[in-house]
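Colleague: Before anything else, here's the structure in question.
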Amino acid sequence: MVVELDGTLFPDIQEVLMVYLAPLGETDTEPPVEDGIGIQINRTGGGNDGISDYPRVQITCHHPDPRGASLLARQVANRMENIPGVAIDVEGEPKPICVDSCRVDTPPEAEPYDNPDARREVAYYALSLQKPWRR
């Protein structure tokens with residue numbers, strides 16, 4: 001009996017979230033350089049069972065003003081609460097990506113930052129999603 005291996009890969013959750021959160025501001029996996037305002041997205045763990053991926057992500061909202069950082073973080077949190085079931089078109093993926101679930105591991109909270117002219121709010125989210133199955 002020959003078993004055919006599935007070559008379909010799980011989507012890069014960082015890419016998915018950069019596309020999904022782009023309407024709120026600049027997104028990247030690095031802190032913003034230009035004006036100090038942006039959304040930094042990093043996968044910090046999680047695993048998969050071959051069918052679903054369970055990434056844990058850290059989302060850091062950068063802003064020069066504490067109120068601005070807080071507002072951006074709350075906007076991100078609100079958008080993340082509404083991500084399940086949304087079709088997200090990611091360049092290079094065969095089909096739109098759909099996140100099955102999202103829960104807040106740690107809500108946005110201010111963290112010290114080396115730059116005294118910048119503020120950041122950090123939150124952690126646990127998601128689940130499947131591979132973009134080809135048909």
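Residue numbering restarts at 1 in every chain; chains get A, B, ... in the order shown in the structure tokens, and ligands count up from 1 in that same order.
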Looking only at the backbone, which of the residues in chain A does DSSP tag as helix (DSSP H, G or I), as a PyMOL selection string?
Modeller: chain A and resi 13-24+66-81
Colleague: Only C-alpha atoms, please: the residues just picked out, written as a PDB file, in the first residue's frame.
Modeller:
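Contents of the output file again_0.pdb:
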ATOM      1  CA  ILE A  13       0.026  32.950  10.666  1.00  0.00           C
ATOM      2  CA  GLN A  14       2.211  36.053  10.750  1.00  0.00           C
ATOM      3  CA  GLU A  15       1.422  36.722   7.062  1.00  0.00           C
ATOM      4  CA  VAL A  16      -2.278  36.014   7.640  1.00  0.00           C
ATOM      5  CA  LEU A  17      -2.495  38.438  10.561  1.00  0.00           C
ATOM      6  CA  MET A  18      -0.458  41.123   8.784  1.00  0.00           C
ATOM      7  CA  VAL A  19      -3.059  41.099   5.997  1.00  0.00           C
ATOM      8  CA  TYR A  20      -6.006  40.929   8.409  1.00  0.00           C
ATOM      9  CA  LEU A  21      -4.788  43.742  10.681  1.00  0.00           C
ATOM     10  CA  ALA A  22      -3.497  46.004   7.860  1.00  0.00           C
ATOM     11  CA  PRO A  23      -6.654  48.199   7.885  1.00  0.00           C
ATOM     12  CA  LEU A  24      -5.640  49.347  11.404  1.00  0.00           C
ATOM     13  CA  PRO A  66       0.484  55.905  25.736  1.00  0.00           C
ATOM     14  CA  ARG A  67      -3.138  56.632  24.827  1.00  0.00           C
ATOM     15  CA  GLY A  68      -2.406  55.977  21.171  1.00  0.00           C
ATOM     16  CA  ALA A  69      -0.784  52.628  22.010  1.00  0.00           C
ATOM     17  CA  SER A  70      -3.756  51.688  24.204  1.00  0.00           C
ATOM     18  CA  LEU A  71      -6.298  52.676  21.545  1.00  0.00           C
ATOM     19  CA  LEU A  72      -4.475  50.732  18.825  1.00  0.00           C
ATOM     20  CA  ALA A  73      -4.189  47.661  21.079  1.00  0.00           C
ATOM     21  CA  ARG A  74      -7.907  47.762  21.870  1.00  0.00           C
ATOM     22  CA  GLN A  75      -8.742  48.112  18.168  1.00  0.00           C
ATOM     23  CA  VAL A  76      -6.549  45.092  17.420  1.00  0.00           C
ATOM     24  CA  ALA A  77      -8.194  43.107  20.245  1.00  0.00           C
ATOM     25  CA  ASN A  78     -11.641  43.944  18.886  1.00  0.00           C
ATOM     26  CA  ARG A  79     -10.640  42.874  15.379  1.00  0.00           C
ATOM     27  CA  MET A  80      -9.067  39.648  16.687  1.00  0.00           C
ATOM     28  CA  GLU A  81     -12.303  38.766  18.515  1.00  0.00           C
TER      29      GLU A  81
END
Colleague: So that I can see what lies close to A:Ile41, please list as a VMD selection string the residues with an atom at most 8 Å from it, counting only C-alpha atoms and leaving out residues fewer than 2 positions away in the same chain.
Modeller: chain A and resid 14 17 to 18 27 to 30 39 43 57 to 60
Colleague: Do you have the atom CA of A:Ala110-atom CA of A:Pro84 distance handy?
Modeller: 26.0 Å
Colleague: If you run DSSP on the backbone here, which positions in stretch 21-127 of chain A get strand (DSSP E)? Please write them as number ranges by chain.
Modeller: A: 27-28, 38-48, 52-63, 87-88, 97-111, 119-127
Colleague: Counting only C-alpha atoms, what is within 9 Å of stretch 115-118 of chain A, bar same-chain residues fewer than 4 positions away, as a PyMOL selection string?
Modeller: chain A and resi 36-37+62-66+69
Colleague: Find the residues around A:Gln130 up to 7 Å (only C-alpha atoms counted), leave out those fewer than 4 positions away in its own chain, and share them as an MDAnalysis selection string.
Modeller: chainID A and resid 10 51:53
